[in-house]
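Asker: Right, I'll just put the structure down here and ask away after.
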Amino acid sequence: MNFVGWLTDPTNWAGSGGIPAQIGYHLLYSAIALLAALAIGVPLGIVIGYTGRGEALVAGFANALRALPTLGLLVLLFLVISPVVPGKLVYVLPTIVVLVLLAVPPILTGTYSGIQTADPDAVGAARGMGFTKRQILLRVQLPCALPLMISGVRSSTLQIVSTATIAAYLGLQGLGRFILDGRAQANFAEMAGGAILVAVLAIVLEFSFAWLGRIIVSPGLRRVAAKSTSPLATAVPEPVAT
Amino acid sequence: MNWISSNIDRIVELTLSHVWLTLVPTVLGLVVALPLGWWAHRWGRGYGAIVGTAGLLYTIPSLALFILLPVILGTKILDPINIVVALTLYTLALLVRVVADGLSSVPHDTVAAAEAMGYRNWQRLLLVELPVAVPVIAAGLRVAVVSNVSIVTMAALLGIPQLGSLFTQGFQLRLYVPLVTGVVLCVVLAVIFDGLIIWLNKLLTPWRQRTVTS
């Protein structure tokens, strides 16, 4: 297999365009987008979960976004933003905006549905113990919401990492470079090598989130979460592939 | 607008290949997901393994899968078969769990009643459990088909013609018209397929209109 040769060739692991550098870029863009999405999605999700308002709007927005093709959205934003933004930001800014746009809905949905489905008995018990509303939110509802929130953040992360790959089409650095440069030079070994790196990165992140869920979610909650509630709510997972 | 009228033949051609590349994998994925989902529902231990594997498959980005499939299948990189296989796998990964959970959502009383009426196992499955699970499966299928419409466009980065080709063309020429045409047609296709599944769901579950009015 020729891509094995490409992956093990030391020259591909060195320099500013090498594999470690591109993984670094890929993770850097992804981390910026994820932090921005968290900064928007979590507070907004708490407000919606707490007040119960705006759910239909969010659901509609998430559905509409699913129908919009990511690649088209990326190029469209690039064409709109590029005349306004100077220098290298032309490539970075539209990409980050698209990544954030795609990453917010799963985080938002995970947060508000997590708060709403928090065990009413636990909330009632906290109220009986004299907790203020704020204490109930921070010490009962949010910890109860953690499993669904982590699952939302997981979907968002995978969506971001996968979309960051196609951002290479606009000229951005990252693992998508190998795929698109390989395509341009008809170098299949490089394309396949890049594809394997992207797939491995996604799978490693997936396992990291499973592990994260195990260490930060209260063990008492995991037993509750294992029992599924409504088949419709649990049966349709948020698709992350793009 | 001149661009649209002078390129109408190509737009129709791209739309048709987009429809084909979306519908074939969706139907194939459903056909494979039904027995696999049933199997996962019947054997408790199989459920974790099947749903876990399916979830992992779904994490692989589509562009990577489009490129890695030729390595496994021995096809050419430009062969649309890769797209069909990749999207079939995604649809399958999504629907296996939906079918299993849908079958598990059938009320116990309904299953017991069918049993008491003398239905054999396979009759009960085909005539009672599967029809009752249709709304859940349809909900999953709606998500699958709408995502498939969007994922197909990624194939444009490899040079396989469908509506995504209008995006790359728009980028290369810095033109809004082909780009927006492509996006609008994608959304229209997604809405049509979505509506088609809603309609089929209603057609297949006539008893729901009489009892529930949601």
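Ordered as shown in the structure tokens, chains take letters A, B, and onward, while each chain numbers its residues from 1 and ligands are numbered from 1 in the order shown.
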Can you list, as a list in words, every protein, DNA or RNA residue that comes within 10 Å of B:Val188 when you count only C-alpha atoms, leaving out same-chain residues fewer than 4 positions away?
Answerer: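 Listed by chain and then number, they are Ala67 and Leu68 of chain A; Val149, Gly182, Val183, Val184, Ile192, Phe193 and Asp194 of chain B.
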Asker: Which chain B residues are at most 8 Å from chain A (counting only C-alpha atoms), as an MDAnalysis selection string?
Answerer: chainID B and resid 56 58:65 67:68 90 94 97:98 101:102 105 136 139:140 143:144 146:147 149:151 153:154 157:158 164 167:168 170:171 174 176 179:180 182:183 186:187 190:191
Asker: May I have the selected residues written with N, CA and C atoms, as a compact mmCIF listing (two decimals), in the first residue's frame?
Answerer:
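So the final result, stored in again38.txt, reads:
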# COMPACT_ATOMS: atom_id res chain seq x y z
N LEU B 56 -19.16 4.72 15.76
CA LEU B 56 -17.76 4.97 15.42
C LEU B 56 -17.61 5.26 13.92
N TYR B 58 -19.78 6.60 12.10
CA TYR B 58 -20.34 7.92 11.83
C TYR B 58 -19.36 9.04 12.15
N THR B 59 -18.35 8.76 13.00
CA THR B 59 -17.40 9.82 13.34
C THR B 59 -16.39 10.07 12.22
N ILE B 60 -16.24 9.13 11.29
CA ILE B 60 -15.24 9.31 10.23
C ILE B 60 -15.74 10.37 9.24
N PRO B 61 -15.00 11.47 9.07
CA PRO B 61 -15.45 12.52 8.16
C PRO B 61 -15.65 11.99 6.73
N SER B 62 -16.68 12.52 6.07
CA SER B 62 -17.07 11.98 4.77
C SER B 62 -15.96 12.07 3.73
N LEU B 63 -15.25 13.21 3.73
CA LEU B 63 -14.20 13.38 2.71
C LEU B 63 -13.15 12.26 2.87
N ALA B 64 -12.81 11.95 4.15
CA ALA B 64 -11.84 10.88 4.40
C ALA B 64 -12.38 9.54 3.93
N LEU B 65 -13.67 9.29 4.20
CA LEU B 65 -14.27 8.02 3.81
C LEU B 65 -14.31 7.87 2.29
N ILE B 67 -12.24 8.89 0.24
CA ILE B 67 -10.89 8.61 -0.27
C ILE B 67 -10.42 7.22 0.15
N LEU B 68 -10.84 6.80 1.37
CA LEU B 68 -10.36 5.51 1.88
C LEU B 68 -11.11 4.34 1.27
N TYR B 90 -23.14 5.47 6.19
CA TYR B 90 -23.62 6.49 7.13
C TYR B 90 -25.09 6.27 7.47
N LEU B 94 -26.70 5.30 11.13
CA LEU B 94 -27.71 6.09 11.82
C LEU B 94 -28.96 5.25 12.09
N ARG B 97 -29.52 1.89 14.91
CA ARG B 97 -29.94 2.22 16.25
C ARG B 97 -31.41 2.64 16.28
N VAL B 98 -31.80 3.42 15.26
CA VAL B 98 -33.18 3.89 15.20
C VAL B 98 -34.15 2.71 15.08
N ASP B 101 -34.20 0.77 18.43
CA ASP B 101 -34.96 1.49 19.45
C ASP B 101 -36.43 1.58 19.08
N GLY B 102 -36.71 1.70 17.78
CA GLY B 102 -38.10 1.75 17.32
C GLY B 102 -38.83 0.46 17.65
N SER B 105 -39.57 0.19 21.21
CA SER B 105 -40.58 1.13 21.72
C SER B 105 -42.00 0.59 21.54
N VAL B 136 -41.02 6.04 14.41
CA VAL B 136 -39.67 6.24 14.91
C VAL B 136 -38.66 6.08 13.78
N ALA B 139 -38.71 9.07 11.52
CA ALA B 139 -38.00 10.23 12.07
C ALA B 139 -36.50 10.12 11.81
N GLY B 140 -35.94 8.92 12.00
CA GLY B 140 -34.52 8.71 11.73
C GLY B 140 -34.20 8.85 10.25
N VAL B 143 -33.82 12.47 9.14
CA VAL B 143 -32.50 13.02 9.47
C VAL B 143 -31.47 12.50 8.47
N ALA B 144 -31.54 11.20 8.17
CA ALA B 144 -30.55 10.59 7.28
C ALA B 144 -30.61 11.20 5.88
N VAL B 146 -31.85 14.08 4.81
CA VAL B 146 -31.48 15.50 4.75
C VAL B 146 -29.95 15.65 4.89
N SER B 147 -29.34 14.87 5.79
CA SER B 147 -27.87 14.96 5.88
C SER B 147 -27.22 14.43 4.62
N VAL B 149 -28.23 14.64 1.54
CA VAL B 149 -28.25 15.67 0.49
C VAL B 149 -27.04 16.59 0.66
N SER B 150 -26.76 16.93 1.93
CA SER B 150 -25.65 17.84 2.21
C SER B 150 -24.29 17.16 2.03
N ILE B 151 -24.18 15.91 2.50
CA ILE B 151 -22.88 15.23 2.44
C ILE B 151 -22.45 14.96 0.99
N THR B 153 -22.54 16.78 -1.47
CA THR B 153 -21.84 17.92 -2.09
C THR B 153 -20.33 17.86 -1.86
N MET B 154 -19.89 17.18 -0.78
CA MET B 154 -18.45 17.07 -0.50
C MET B 154 -17.69 16.41 -1.65
N LEU B 157 -15.26 18.14 -4.06
CA LEU B 157 -13.84 18.40 -3.79
C LEU B 157 -12.97 17.37 -4.49
N LEU B 158 -13.54 16.21 -4.82
CA LEU B 158 -12.78 15.19 -5.53
C LEU B 158 -13.03 15.27 -7.04
N GLY B 164 -22.82 19.99 -5.70
CA GLY B 164 -21.64 20.58 -5.06
C GLY B 164 -20.67 21.15 -6.08
N PHE B 167 -20.71 24.74 -6.25
CA PHE B 167 -20.01 25.48 -5.19
C PHE B 167 -18.56 25.71 -5.60
N THR B 168 -17.91 24.65 -6.08
CA THR B 168 -16.50 24.80 -6.44
C THR B 168 -16.37 25.75 -7.63
N GLY B 170 -18.43 28.24 -8.28
CA GLY B 170 -18.65 29.58 -7.74
C GLY B 170 -17.40 30.11 -7.06
N PHE B 171 -16.68 29.22 -6.38
CA PHE B 171 -15.46 29.64 -5.69
C PHE B 171 -14.37 30.01 -6.70
N ARG B 174 -15.38 33.14 -8.45
CA ARG B 174 -15.82 34.19 -7.53
C ARG B 174 -17.20 34.71 -7.95
N TYR B 176 -21.44 34.54 -7.42
CA TYR B 176 -22.51 34.18 -6.48
C TYR B 176 -23.57 33.29 -7.13
N LEU B 179 -23.17 29.48 -7.12
CA LEU B 179 -23.10 29.08 -5.71
C LEU B 179 -24.49 29.06 -5.07
N VAL B 180 -25.20 30.20 -5.22
CA VAL B 180 -26.52 30.30 -4.60
C VAL B 180 -27.50 29.33 -5.25
N GLY B 182 -26.79 26.43 -6.43
CA GLY B 182 -26.49 25.12 -5.84
C GLY B 182 -27.07 24.98 -4.46
N VAL B 183 -26.87 26.01 -3.62
CA VAL B 183 -27.36 25.94 -2.23
C VAL B 183 -28.89 25.82 -2.22
N CYS B 186 -30.08 22.42 -3.32
CA CYS B 186 -29.84 21.44 -2.26
C CYS B 186 -30.93 21.51 -1.20
N VAL B 187 -31.26 22.74 -0.79
CA VAL B 187 -32.29 22.90 0.24
C VAL B 187 -33.64 22.41 -0.29
N ALA B 190 -33.69 18.71 -0.21
CA ALA B 190 -33.83 18.23 1.17
C ALA B 190 -35.29 18.35 1.62
N VAL B 191 -35.93 19.48 1.29
CA VAL B 191 -37.32 19.69 1.70
C VAL B 191 -38.24 18.69 1.01
Asker: Mind pulling up the distance from atom CA of A:Leu34 to atom CA of A:Ile115?
Answerer: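 Computed distance, atom CA of A:Ile115 to atom CA of A:Leu34, equals 20.8 Å.
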Asker: Do a neighbour search on A:Gly213 at 9 Å with only C-alpha atoms, toss out local chain neighbours closer than 3 positions, and write the hits as a list in words.
Answerer: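 Here the answer would be Leu146, Pro147, Ile150, Ser151, Ser208, Phe209, Ala210, Ile216 and Val217 of chain A.
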Asker: Would you compute the distance between atom CA of B:His18 and atom CA of B:Gln162? Give it in Å to one decimal.
Answerer: 4.9 Å
Asker: As a PyMOL selection string, please: all residues of stretch 8-191 of chain A that backbone DSSP puts in helix (DSSP H, G or I).
Answerer: chain A and resi 8+10-13+19-51+55-67+70-81+89-116+120-128+133-170+176-184+188-191
Asker: Store the residues picked out above, limited to C-alpha atoms, as a compact mmCIF listing (two decimals), in the first residue's frame.
Answerer:
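Done, and the output landed in result-v8.txt:
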# COMPACT_ATOMS: atom_id res chain seq x y z
CA THR A 8 6.12 6.51 7.35
CA PRO A 10 10.26 10.94 7.68
CA THR A 11 10.30 13.91 5.27
CA ASN A 12 6.50 14.16 5.61
CA TRP A 13 6.84 14.50 9.36
CA ILE A 19 2.16 16.13 9.52
CA PRO A 20 2.69 17.39 13.13
CA ALA A 21 2.41 21.02 12.00
CA GLN A 22 -0.83 20.37 10.10
CA ILE A 23 -2.31 18.41 13.01
CA GLY A 24 -1.40 21.44 15.17
CA TYR A 25 -3.18 23.85 12.80
CA HIS A 26 -6.18 21.55 12.58
CA LEU A 27 -6.49 21.33 16.36
CA LEU A 28 -5.87 25.08 16.78
CA TYR A 29 -8.69 26.11 14.42
CA SER A 30 -10.95 23.47 15.94
CA ALA A 31 -10.20 24.62 19.50
CA ILE A 32 -10.90 28.29 18.67
CA ALA A 33 -14.21 27.37 17.04
CA LEU A 34 -15.20 25.05 19.91
CA LEU A 35 -14.43 27.68 22.57
CA ALA A 36 -16.47 30.29 20.69
CA ALA A 37 -19.34 27.81 20.25
CA LEU A 38 -19.23 26.94 23.97
CA ALA A 39 -19.23 30.64 24.90
CA ILE A 40 -22.40 31.12 22.84
CA GLY A 41 -24.15 27.78 23.28
CA VAL A 42 -23.88 27.10 27.00
CA PRO A 43 -25.23 30.44 28.38
CA LEU A 44 -27.95 30.53 25.74
CA GLY A 45 -28.82 26.90 26.48
CA ILE A 46 -29.06 27.67 30.20
CA VAL A 47 -31.43 30.57 29.50
CA ILE A 48 -33.63 28.45 27.22
CA GLY A 49 -33.57 25.51 29.60
CA TYR A 50 -34.41 27.73 32.54
CA THR A 51 -37.17 29.80 30.95
CA GLU A 55 -37.01 25.90 22.02
CA ALA A 56 -39.02 25.73 18.79
CA LEU A 57 -36.83 28.45 17.30
CA VAL A 58 -33.64 26.57 18.12
CA ALA A 59 -35.01 23.28 16.82
CA GLY A 60 -36.07 24.95 13.57
CA PHE A 61 -32.69 26.62 13.20
CA ALA A 62 -30.84 23.34 13.79
CA ASN A 63 -32.99 21.55 11.22
CA ALA A 64 -32.55 24.26 8.62
CA LEU A 65 -28.80 24.20 9.20
CA ARG A 66 -28.71 20.46 8.60
CA ALA A 67 -30.26 20.95 5.16
CA THR A 70 -21.56 22.90 4.63
CA LEU A 71 -19.34 23.32 1.60
CA GLY A 72 -21.78 25.78 -0.01
CA LEU A 73 -22.09 27.72 3.24
CA LEU A 74 -18.31 27.89 3.56
CA VAL A 75 -17.78 29.23 0.04
CA LEU A 76 -20.74 31.62 0.33
CA LEU A 77 -19.43 33.17 3.55
CA PHE A 78 -15.98 33.37 2.02
CA LEU A 79 -17.31 35.34 -0.96
CA VAL A 80 -19.34 37.63 1.32
CA ILE A 81 -16.59 38.28 3.87
CA LEU A 89 -7.85 36.60 7.80
CA VAL A 90 -9.85 36.19 4.57
CA TYR A 91 -9.34 32.45 4.80
CA VAL A 92 -9.48 32.07 8.57
CA LEU A 93 -12.51 34.20 9.44
CA PRO A 94 -15.20 32.62 7.19
CA THR A 95 -13.98 29.19 8.24
CA ILE A 96 -14.22 29.95 11.95
CA VAL A 97 -17.67 31.52 11.46
CA VAL A 98 -18.96 28.42 9.64
CA LEU A 99 -17.40 26.10 12.21
CA VAL A 100 -19.03 28.01 15.07
CA LEU A 101 -22.38 28.16 13.26
CA LEU A 102 -22.39 24.37 12.89
CA ALA A 103 -21.12 23.72 16.41
CA VAL A 104 -23.59 25.87 18.37
CA PRO A 105 -26.87 23.88 17.84
CA PRO A 106 -25.70 20.53 19.36
CA ILE A 107 -24.20 22.31 22.40
CA LEU A 108 -27.31 24.46 22.79
CA THR A 109 -29.68 21.48 22.47
CA GLY A 110 -27.61 19.37 24.85
CA THR A 111 -27.57 22.14 27.46
CA TYR A 112 -31.25 23.05 27.47
CA SER A 113 -32.59 19.53 27.19
CA GLY A 114 -30.15 18.48 29.92
CA ILE A 115 -31.48 21.15 32.25
CA GLN A 116 -35.09 20.39 31.41
CA PRO A 120 -37.47 16.64 39.20
CA ASP A 121 -37.09 14.76 42.51
CA ALA A 122 -33.51 16.04 42.85
CA VAL A 123 -34.63 19.59 42.06
CA GLY A 124 -37.52 19.31 44.53
CA ALA A 125 -35.24 17.92 47.24
CA ALA A 126 -32.80 20.81 46.72
CA ARG A 127 -35.66 23.28 46.98
CA GLY A 128 -36.83 21.58 50.18
CA LYS A 133 -32.75 29.19 42.49
CA ARG A 134 -29.16 29.99 41.61
CA GLN A 135 -27.82 27.19 43.82
CA ILE A 136 -30.31 24.74 42.31
CA LEU A 137 -29.13 25.70 38.82
CA LEU A 138 -25.41 25.52 39.57
CA ARG A 139 -25.33 22.59 41.98
CA VAL A 140 -28.22 20.39 40.85
CA GLN A 141 -29.54 21.13 37.36
CA LEU A 142 -26.19 21.72 35.63
CA PRO A 143 -24.49 18.60 37.07
CA CYS A 144 -27.59 16.61 36.09
CA ALA A 145 -27.37 18.11 32.59
CA LEU A 146 -23.72 17.10 32.15
CA PRO A 147 -24.23 13.79 30.29
CA LEU A 148 -26.40 15.45 27.62
CA MET A 149 -24.12 18.50 27.49
CA ILE A 150 -21.04 16.35 26.94
CA SER A 151 -22.82 14.45 24.21
CA GLY A 152 -23.67 17.79 22.57
CA VAL A 153 -20.08 19.03 22.84
CA ARG A 154 -18.91 15.70 21.41
CA SER A 155 -21.17 16.12 18.34
CA SER A 156 -19.98 19.69 17.92
CA THR A 157 -16.32 18.74 18.14
CA LEU A 158 -16.60 15.99 15.56
CA GLN A 159 -18.55 18.30 13.29
CA ILE A 160 -15.86 20.97 13.66
CA VAL A 161 -12.94 18.60 13.05
CA SER A 162 -14.61 17.16 9.99
CA THR A 163 -15.58 20.56 8.57
CA ALA A 164 -12.11 21.99 9.27
CA THR A 165 -10.86 19.36 6.81
CA ILE A 166 -12.84 20.83 3.93
CA ALA A 167 -11.77 24.35 4.92
CA ALA A 168 -8.46 23.50 3.25
CA TYR A 169 -10.36 24.11 0.03
CA LEU A 170 -10.31 27.84 0.79
CA GLY A 176 -7.30 18.77 4.67
CA ARG A 177 -4.21 20.20 2.92
CA PHE A 178 -2.84 16.71 2.31
CA ILE A 179 -6.15 15.55 0.82
CA LEU A 180 -6.62 18.54 -1.50
CA ASP A 181 -2.95 19.02 -2.42
CA GLY A 182 -2.72 15.29 -3.08
CA ARG A 183 -5.82 15.57 -5.29
CA ALA A 184 -4.34 18.51 -7.21
CA PHE A 188 -3.09 9.26 -4.16
CA ALA A 189 -0.67 8.18 -1.42
CA GLU A 190 -0.77 11.69 0.07
CA MET A 191 -4.59 11.87 -0.22
Asker: So how many Å separate atom CA of B:Ala33 and atom CA of B:Ala100, to one decimal?
Answerer: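 Between these atoms lies a distance of 9.0 Å.
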Asker: Please list as a short mmCIF file (atom, residue, chain, number, x, y, z; two decimals) with C-alpha atoms, in the first residue's frame every residue within 8 Å of B:Trp3, counting only C-alpha atoms and excluding residues in the same chain fewer than 2 positions away.
Answerer:
data_model
loop_
_atom_site.label_atom_id
_atom_site.label_comp_id
_atom_site.auth_asym_id
_atom_site.auth_seq_id
_atom_site.Cartn_x
_atom_site.Cartn_y
_atom_site.Cartn_z
CA MET B 1 -29.76 35.13 -14.20
CA SER B 5 -30.50 30.14 -18.56
CA SER B 6 -27.27 29.46 -20.43
CA ASN B 7 -26.33 26.61 -18.07
CA VAL B 177 -25.06 32.89 -9.00
CA PRO B 178 -23.82 29.29 -9.43
#
